[in-house]
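For reference, work.cif (mmCIF, C-alpha atoms):
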data_final
loop_
_atom_site.label_atom_id
_atom_site.label_comp_id
_atom_site.auth_asym_id
_atom_site.auth_seq_id
_atom_site.Cartn_x
_atom_site.Cartn_y
_atom_site.Cartn_z
CA MET X 118 24.20 1.39 22.13
CA ASN X 119 22.71 3.75 24.73
CA LYS X 120 19.02 4.56 25.03
CA TYR X 121 19.36 7.84 23.11
CA THR X 122 21.06 6.43 20.01
CA GLU X 123 18.63 3.49 20.19
CA ARG X 124 15.75 5.98 19.76
CA ILE X 125 17.37 7.38 16.62
CA ARG X 126 18.11 3.93 15.18
CA ASN X 127 14.55 2.89 15.99
CA GLY X 128 13.08 5.74 13.93
CA VAL X 129 15.48 5.48 11.02
CA ILE X 130 15.65 1.69 10.64
CA THR X 131 13.76 -0.54 13.07
CA GLU X 132 10.42 1.28 12.95
CA ASN X 133 10.86 3.60 9.98
CA PRO X 134 7.49 5.39 9.74
CA THR X 135 7.28 5.10 5.94
CA PHE X 136 8.97 1.85 4.95
CA ILE X 137 8.10 -0.23 8.03
CA MET X 138 5.10 1.30 9.80
CA MET X 139 3.42 2.64 6.63
CA LEU X 140 2.43 5.92 8.31
CA GLY X 141 2.08 9.37 6.74
CA MET X 142 1.23 7.98 3.32
CA CYS X 143 -0.68 11.09 2.18
CA PRO X 144 2.38 13.42 2.02
CA THR X 145 4.56 10.49 0.95
CA PHE X 146 2.58 10.00 -2.24
CA ALA X 147 1.62 13.64 -2.83
CA VAL X 148 4.79 15.72 -2.42
CA THR X 149 7.59 13.37 -3.48
CA THR X 150 7.55 14.43 -7.13
CA SER X 151 11.07 15.74 -6.54
CA ALA X 152 13.84 15.22 -4.01
CA ILE X 153 13.73 18.80 -2.73
CA ASN X 154 9.99 18.58 -2.10
CA GLY X 155 10.40 15.33 -0.18
CA PHE X 156 13.31 16.75 1.81
CA GLY X 157 11.37 19.93 2.61
CA MET X 158 8.32 18.07 3.85
CA GLY X 159 10.50 15.68 5.83
CA VAL X 160 12.42 18.45 7.58
CA SER X 161 9.19 20.35 8.33
CA THR X 162 7.73 17.24 9.95
CA LEU X 163 11.02 16.58 11.75
CA VAL X 164 10.96 20.01 13.42
CA VAL X 165 7.32 19.60 14.46
CA LEU X 166 7.98 16.07 15.76
CA ILE X 167 10.89 17.12 17.96
CA LEU X 168 9.14 20.16 19.43
CA ALA X 169 5.79 18.39 19.86
CA ASN X 170 7.38 15.41 21.62
CA TRP X 171 9.32 17.75 23.91
CA LEU X 172 6.35 19.95 24.84
CA ILE X 173 3.94 17.05 25.30
CA SER X 174 6.45 15.25 27.49
CA LEU X 175 6.88 18.39 29.61
CA VAL X 176 3.15 18.85 30.24
CA ARG X 177 2.09 15.18 30.18
CA LYS X 178 1.34 15.13 33.92
CA LEU X 179 -0.69 18.34 33.74
CA ILE X 180 -3.11 17.27 30.99
CA PRO X 181 -6.20 15.34 32.18
CA ASP X 182 -6.44 11.95 30.53
CA GLN X 183 -9.92 12.70 29.15
CA VAL X 184 -8.70 15.62 27.01
CA ARG X 185 -5.19 14.50 26.14
CA LEU X 186 -5.78 14.06 22.39
CA PRO X 187 -7.39 17.51 21.88
CA ALA X 188 -4.54 19.00 23.91
CA TYR X 189 -1.97 17.23 21.74
CA ILE X 190 -3.67 18.51 18.58
CA VAL X 191 -3.62 22.10 19.90
CA ILE X 192 0.11 21.84 20.64
CA VAL X 193 0.89 20.31 17.24
CA ALA X 194 -1.33 22.81 15.38
CA SER X 195 0.45 25.74 17.04
CA LEU X 196 3.86 24.38 16.05
CA VAL X 197 2.72 23.65 12.48
CA THR X 198 1.42 27.22 12.13
CA VAL X 199 4.80 28.60 13.17
CA VAL X 200 6.64 26.29 10.74
CA GLN X 201 4.23 27.16 7.92
CA LEU X 202 4.71 30.90 8.41
CA LEU X 203 8.50 30.51 8.52
CA ILE X 204 8.52 28.49 5.28
CA GLN X 205 6.19 31.00 3.62
CA ALA X 206 8.43 33.89 4.66
CA TYR X 207 11.88 32.44 3.97
CA ILE X 208 11.41 29.56 1.48
CA PRO X 209 8.48 30.68 -0.70
CA PHE X 210 9.23 28.26 -3.57
CA LEU X 211 8.99 25.32 -1.16
CA TYR X 212 5.81 26.75 0.34
CA ASP X 213 4.28 26.95 -3.15
CA ALA X 214 5.34 23.38 -3.93
CA LEU X 215 4.07 21.80 -0.71
CA GLY X 216 0.90 23.88 -0.52
CA ILE X 217 -1.92 22.44 1.58
CA TYR X 218 0.24 19.56 2.80
CA ILE X 219 2.08 21.78 5.30
CA PRO X 220 -1.06 22.49 7.42
CA LEU X 221 -1.99 18.82 7.12
CA ILE X 222 1.08 17.97 9.23
CA VAL X 223 -1.29 18.65 12.15
CA VAL X 224 -3.15 15.41 11.49
CA ASN X 225 -0.12 13.38 10.43
CA CYS X 226 -0.53 10.08 12.25
CA ILE X 227 3.23 9.88 12.86
CA ILE X 228 3.15 12.96 15.11
CA LEU X 229 0.00 12.08 17.04
CA GLY X 230 1.13 8.46 17.23
CA ARG X 231 4.47 9.34 18.83
CA ALA X 232 2.78 11.80 21.17
CA GLU X 233 0.38 9.14 22.42
CA ALA X 234 2.71 6.13 22.33
CA TYR X 235 5.96 7.67 23.57
CA ALA X 236 6.11 11.35 24.56
CA SER X 237 3.15 11.08 26.95
CA LYS X 238 4.91 8.30 28.85
CA ASN X 239 8.60 9.28 28.81
CA PRO X 240 10.86 12.15 29.96
CA PRO X 241 11.56 15.17 27.70
CA VAL X 242 15.10 14.32 26.55
CA LEU X 243 14.22 10.79 25.49
CA SER X 244 11.12 12.15 23.76
CA ILE X 245 13.27 14.62 21.82
CA PHE X 246 15.49 11.80 20.57
CA ASP X 247 12.43 9.73 19.70
CA GLY X 248 11.09 12.63 17.62
CA LEU X 249 14.51 13.11 16.05
CA GLY X 250 14.73 9.44 15.05
CA MET X 251 11.22 9.29 13.61
CA GLY X 252 11.70 12.62 11.84
CA LEU X 253 15.00 11.52 10.31
CA GLY X 254 13.44 8.24 9.18
CA PHE X 255 10.54 10.10 7.56
CA THR X 256 12.88 12.65 5.93
CA ILE X 257 15.20 9.98 4.53
CA ALA X 258 12.25 8.01 3.17
CA LEU X 259 10.59 10.99 1.48
CA THR X 260 13.88 12.26 0.06
CA LEU X 261 14.77 8.82 -1.31
CA ILE X 262 11.36 8.33 -2.93
CA GLY X 263 11.44 11.87 -4.34
CA LEU X 264 14.96 11.37 -5.67
CA VAL X 265 14.06 8.15 -7.49
CA ARG X 266 10.88 9.67 -8.96
CA GLU X 267 12.68 12.85 -10.05
CA LEU X 268 15.60 10.94 -11.53
CA LEU X 269 13.45 8.54 -13.56
CA GLY X 270 10.64 10.98 -14.32
CA SER X 271 12.64 14.10 -15.17
CA GLY X 272 16.28 13.03 -15.45
CA THR X 273 17.32 15.42 -12.68
CA ALA X 274 18.34 15.19 -9.02
CA PHE X 275 17.64 18.17 -6.74
CA GLY X 276 17.00 20.16 -9.91
CA VAL X 277 20.36 19.32 -11.51
CA GLN X 278 20.42 17.45 -14.82
CA ILE X 279 21.90 13.98 -14.23
CA MET X 280 20.69 11.75 -17.03
CA PRO X 281 22.29 12.09 -20.48
CA ALA X 282 20.53 14.09 -23.19
CA PHE X 283 19.28 10.98 -24.99
CA TYR X 284 17.46 9.72 -21.87
CA GLN X 285 13.68 9.62 -22.27
CA PRO X 286 11.98 10.51 -18.96
CA ILE X 287 9.30 8.10 -17.72
CA GLY X 288 6.43 10.51 -17.25
CA ILE X 289 4.23 8.22 -15.19
CA ILE X 290 6.83 8.08 -12.41
CA VAL X 291 6.16 11.70 -11.38
CA LYS X 292 2.41 11.10 -11.42
CA ALA X 293 0.35 9.47 -8.66
CA PRO X 294 0.87 5.83 -9.82
CA GLY X 295 4.62 6.40 -9.83
CA ALA X 296 4.66 7.03 -6.06
CA PHE X 297 2.99 3.68 -5.36
CA LEU X 298 5.33 1.91 -7.78
CA VAL X 299 8.54 3.42 -6.33
CA LEU X 300 7.47 2.72 -2.73
CA ALA X 301 6.58 -0.87 -3.63
CA ILE X 302 9.96 -1.42 -5.31
CA ILE X 303 11.89 -0.01 -2.34
CA ILE X 304 9.97 -2.21 0.12
CA ALA X 305 10.49 -5.23 -2.16
CA ILE X 306 14.25 -4.55 -2.14
CA MET X 307 14.20 -4.29 1.66
CA ASN X 308 12.34 -7.59 1.89
CA GLY X 309 14.77 -9.20 -0.55
CA ALA X 310 17.70 -7.95 1.53
CA GLN X 311 15.95 -9.30 4.65
CA VAL X 312 16.17 -6.00 6.49
CA GLN X 313 15.52 -6.74 10.14
CA THR X 314 12.60 -4.85 11.72
CA HIS X 315 10.67 -4.66 14.97
CA ALA X 316 8.54 -7.54 13.68
CA ASN X 317 11.31 -9.93 14.74
CA GLU X 318 10.59 -9.10 18.37
CA LYS X 319 6.85 -9.69 17.98
CA VAL X 320 6.67 -12.89 15.95
CA GLU X 321 8.90 -15.76 16.91
CA GLY X 322 10.76 -17.13 13.93
CA CYS X 323 10.22 -14.07 11.73
CA ASP X 324 13.19 -13.56 9.40
CA GLY X 325 12.43 -9.91 8.60
CA CYS X 326 10.51 -10.63 5.39
CA CYS X 327 7.09 -8.96 5.44
CA ALA X 328 5.45 -11.84 3.62
CA THR X 329 6.73 -14.32 6.18
CA CYS X 330 5.85 -11.97 9.02
CA ALA X 331 2.28 -11.50 7.77
CA GLN X 332 1.85 -15.26 7.59
CA GLY X 333 3.28 -15.65 11.07
CA CYS X 334 1.03 -12.91 12.48
CA ALA X 335 -2.03 -14.48 10.88
CA LEU X 336 -1.12 -17.84 12.34
CA SER X 337 -0.47 -16.29 15.72
CA GLY X 338 -3.81 -14.51 15.59
CA ALA X 339 -5.65 -17.73 14.75
CA GLU X 340 -3.93 -19.51 17.61
CA LYS X 341 -4.88 -16.73 19.98
CA GLU X 342 -8.49 -16.93 18.82
CA LYS X 343 -8.57 -20.68 19.47
CA GLU X 344 -6.99 -20.08 22.85
CA GLY X 345 -9.75 -17.58 23.65
CA GLU X 346 -12.42 -20.10 22.66
CA ARG X 347 -10.92 -22.67 25.01
CA VAL X 348 -11.02 -20.19 27.86
#
Please, can you express the file's structure as structure tokens?
Amino acid sequence: MNKYTERIRNGVITENPTFIMMLGMCPTFAVTTSAINGFGMGVSTLVVLILANWLISLVRKLIPDQVRLPAYIVIVASLVTVVQLLIQAYIPFLYDALGIYIPLIVVNCIILGRAEAYASKNPPVLSIFDGLGMGLGFTIALTLIGLVRELLGSGTAFGVQIMPAFYQPIGIIVKAPGAFLVLAIIIAIMNGAQVQTHANEKVEGCDGCCATCAQGCALSGAEKEKEGERV
């Protein structure tokens, strides 16, 4: 696996921003009432991520360290404005569905996090692939959550009737509690399947289960604290 495909795999699986890193929870819970809404928000964020990573990587050596975060926000806000206007002009139904959550992409911690942690320290091409991987991971996660909520809550998938006529939709699934429930179930399935994550590299002996990892991290933290007291 070369360094470019590793960036994509990292965003989709190893450090998935939704299922692993737990970032961008506001749009995850708010707009995933249907698969198309989740897909639309994911693709919008994907485009902003790729362009923001690329531009920030290009100008990273020109921005003074003291004002880097305001500069990043200006770049991201400009890109989000362009994306918002394009969606409003060409996909009005999606614009109406996503509403205020499109401008809020500006403060999405995934975008600012990748700008600070990766794009500001790496060349443009690698930064593009990092944005692509994180954007794909976010899009897949939102689409999957939206699909499950739409299927159980309305009996449809991407607006097409899937469930038989006798199926009784579970109304709570398309409401706010349903988003928490669906996300929890998906993460529980991942833990049960022992999906390997970046935690394995950080905690020796971690088997990929979040519960085990949390226990290991807590133990590691306690040991480090004792070590600090000795010093």
Would you tabulate, counting only C-alpha atoms, all residues of stretch 136-189 of chain X that have an atom at most 8 Å from an atom of stretch 202-221 of chain X, showing the closest pair of atoms and their distance in Å to one decimal, sorted by chain then ascending number, as JSON lines?
{"residue": "X:Pro144", "atom": "CA", "partner": "X:Tyr218", "partner_atom": "CA", "distance": 6.5}
{"residue": "X:Val148", "atom": "CA", "partner": "X:Leu215", "partner_atom": "CA", "distance": 6.4}
{"residue": "X:Asn154", "atom": "CA", "partner": "X:Leu211", "partner_atom": "CA", "distance": 6.9}
{"residue": "X:Gly157", "atom": "CA", "partner": "X:Leu211", "partner_atom": "CA", "distance": 7.0}
{"residue": "X:Met158", "atom": "CA", "partner": "X:Leu215", "partner_atom": "CA", "distance": 7.3}
{"residue": "X:Ser161", "atom": "CA", "partner": "X:Ile219", "partner_atom": "CA", "distance": 7.9}
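Residues matched by the PyMOL selection byres ((chain X and resi 248) around 9) in this file are Arg124, Ile125, Gly128, Leu163, Val164, Val165, Leu166, Ile167, Leu168, Ala169, Asn170, Trp171, Ile228, Arg231, Ala236, Leu243, Ser244, Ile245, Phe246, Asp247, Leu249, Gly250, Met251, Gly252 and Leu253 of chain X.
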### Message
So that I can see what lies close to stretch 293-300 of chain X, please list as a PyMOL selection string the residues with an atom at most 10 Å from it, counting all atoms listed in the file and leaving out residues fewer than 6 positions away in the same chain.
### Response
chain X and resi 135-136+142+145-150+258-259+261-263+265-266+269-270+287+306
### Residue nearest X:Ala232 - candidates X:Val291, X:Val176, X:Ala282, X:Met138, atoms counted: only C-alpha atoms
X:Val176
### Distance query X:Ile192 at most 9 Å, only C-alpha atoms, self and fewer than 4 positions along chain excluded, as an MDAnalysis selection string
chainID X and resid 169 172:173 187:188 196:197
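Nearest residue to X:Asn225, choosing from X:Asn308, X:Thr162, X:Ser174, X:Ser151 and counting only C-alpha atoms: X:Thr162.
The gap separating atom CA of X:Gly141 from atom CA of X:Cys226 is 6.1 Å, in Å to one decimal.
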Kindly write stretch 196-212 of chain X with N, CA and C atoms to a file, as an mmCIF file, in the first residue's frame.
data_model
loop_
_atom_site.group_PDB
_atom_site.id
_atom_site.type_symbol
_atom_site.label_atom_id
_atom_site.label_comp_id
_atom_site.auth_asym_id
_atom_site.auth_seq_id
_atom_site.Cartn_x
_atom_site.Cartn_y
_atom_site.Cartn_z
ATOM 1 N N LEU X 196 -14.716 28.632 0.786
ATOM 2 C CA LEU X 196 -15.087 27.420 0.047
ATOM 3 C C LEU X 196 -16.519 26.993 0.361
ATOM 4 N N VAL X 197 -16.910 27.079 1.631
ATOM 5 C CA VAL X 197 -18.265 26.695 2.029
ATOM 6 C C VAL X 197 -19.291 27.603 1.367
ATOM 7 N N THR X 198 -18.987 28.886 1.257
ATOM 8 C CA THR X 198 -19.909 29.822 0.604
ATOM 9 C C THR X 198 -20.133 29.445 -0.852
ATOM 10 N N VAL X 199 -19.048 29.074 -1.532
ATOM 11 C CA VAL X 199 -19.166 28.655 -2.929
ATOM 12 C C VAL X 199 -20.015 27.395 -3.042
ATOM 13 N N VAL X 200 -19.746 26.409 -2.182
ATOM 14 C CA VAL X 200 -20.505 25.155 -2.203
ATOM 15 C C VAL X 200 -21.976 25.414 -1.892
ATOM 16 N N GLN X 201 -22.243 26.264 -0.911
ATOM 17 C CA GLN X 201 -23.624 26.581 -0.543
ATOM 18 C C GLN X 201 -24.378 27.218 -1.702
ATOM 19 N N LEU X 202 -23.749 28.154 -2.381
ATOM 20 C CA LEU X 202 -24.415 28.822 -3.509
ATOM 21 C C LEU X 202 -24.660 27.852 -4.660
ATOM 22 N N LEU X 203 -23.724 26.935 -4.889
ATOM 23 C CA LEU X 203 -23.901 25.943 -5.959
ATOM 24 C C LEU X 203 -25.059 24.996 -5.637
ATOM 25 N N ILE X 204 -25.132 24.549 -4.379
ATOM 26 C CA ILE X 204 -26.239 23.672 -3.984
ATOM 27 C C ILE X 204 -27.567 24.402 -4.084
ATOM 28 N N GLN X 205 -27.594 25.653 -3.649
ATOM 29 C CA GLN X 205 -28.823 26.447 -3.709
ATOM 30 C C GLN X 205 -29.287 26.654 -5.141
ATOM 31 N N ALA X 206 -28.334 26.797 -6.060
ATOM 32 C CA ALA X 206 -28.680 27.057 -7.456
ATOM 33 C C ALA X 206 -29.085 25.799 -8.211
ATOM 34 N N TYR X 207 -28.377 24.682 -7.953
ATOM 35 C CA TYR X 207 -28.572 23.505 -8.796
ATOM 36 C C TYR X 207 -29.269 22.338 -8.094
ATOM 37 N N ILE X 208 -29.257 22.304 -6.749
ATOM 38 C CA ILE X 208 -29.943 21.220 -6.030
ATOM 39 C C ILE X 208 -30.794 21.855 -4.933
ATOM 40 N N PRO X 209 -31.817 22.609 -5.299
ATOM 41 C CA PRO X 209 -32.590 23.361 -4.289
ATOM 42 C C PRO X 209 -33.271 22.486 -3.241
ATOM 43 N N PHE X 210 -33.725 21.280 -3.613
ATOM 44 C CA PHE X 210 -34.395 20.424 -2.630
ATOM 45 C C PHE X 210 -33.422 19.990 -1.539
ATOM 46 N N LEU X 211 -32.164 19.752 -1.921
ATOM 47 C CA LEU X 211 -31.147 19.380 -0.936
ATOM 48 C C LEU X 211 -30.794 20.580 -0.063
ATOM 49 N N TYR X 212 -30.750 21.753 -0.676
ATOM 50 C CA TYR X 212 -30.470 22.978 0.073
ATOM 51 C C TYR X 212 -31.560 23.206 1.125
#
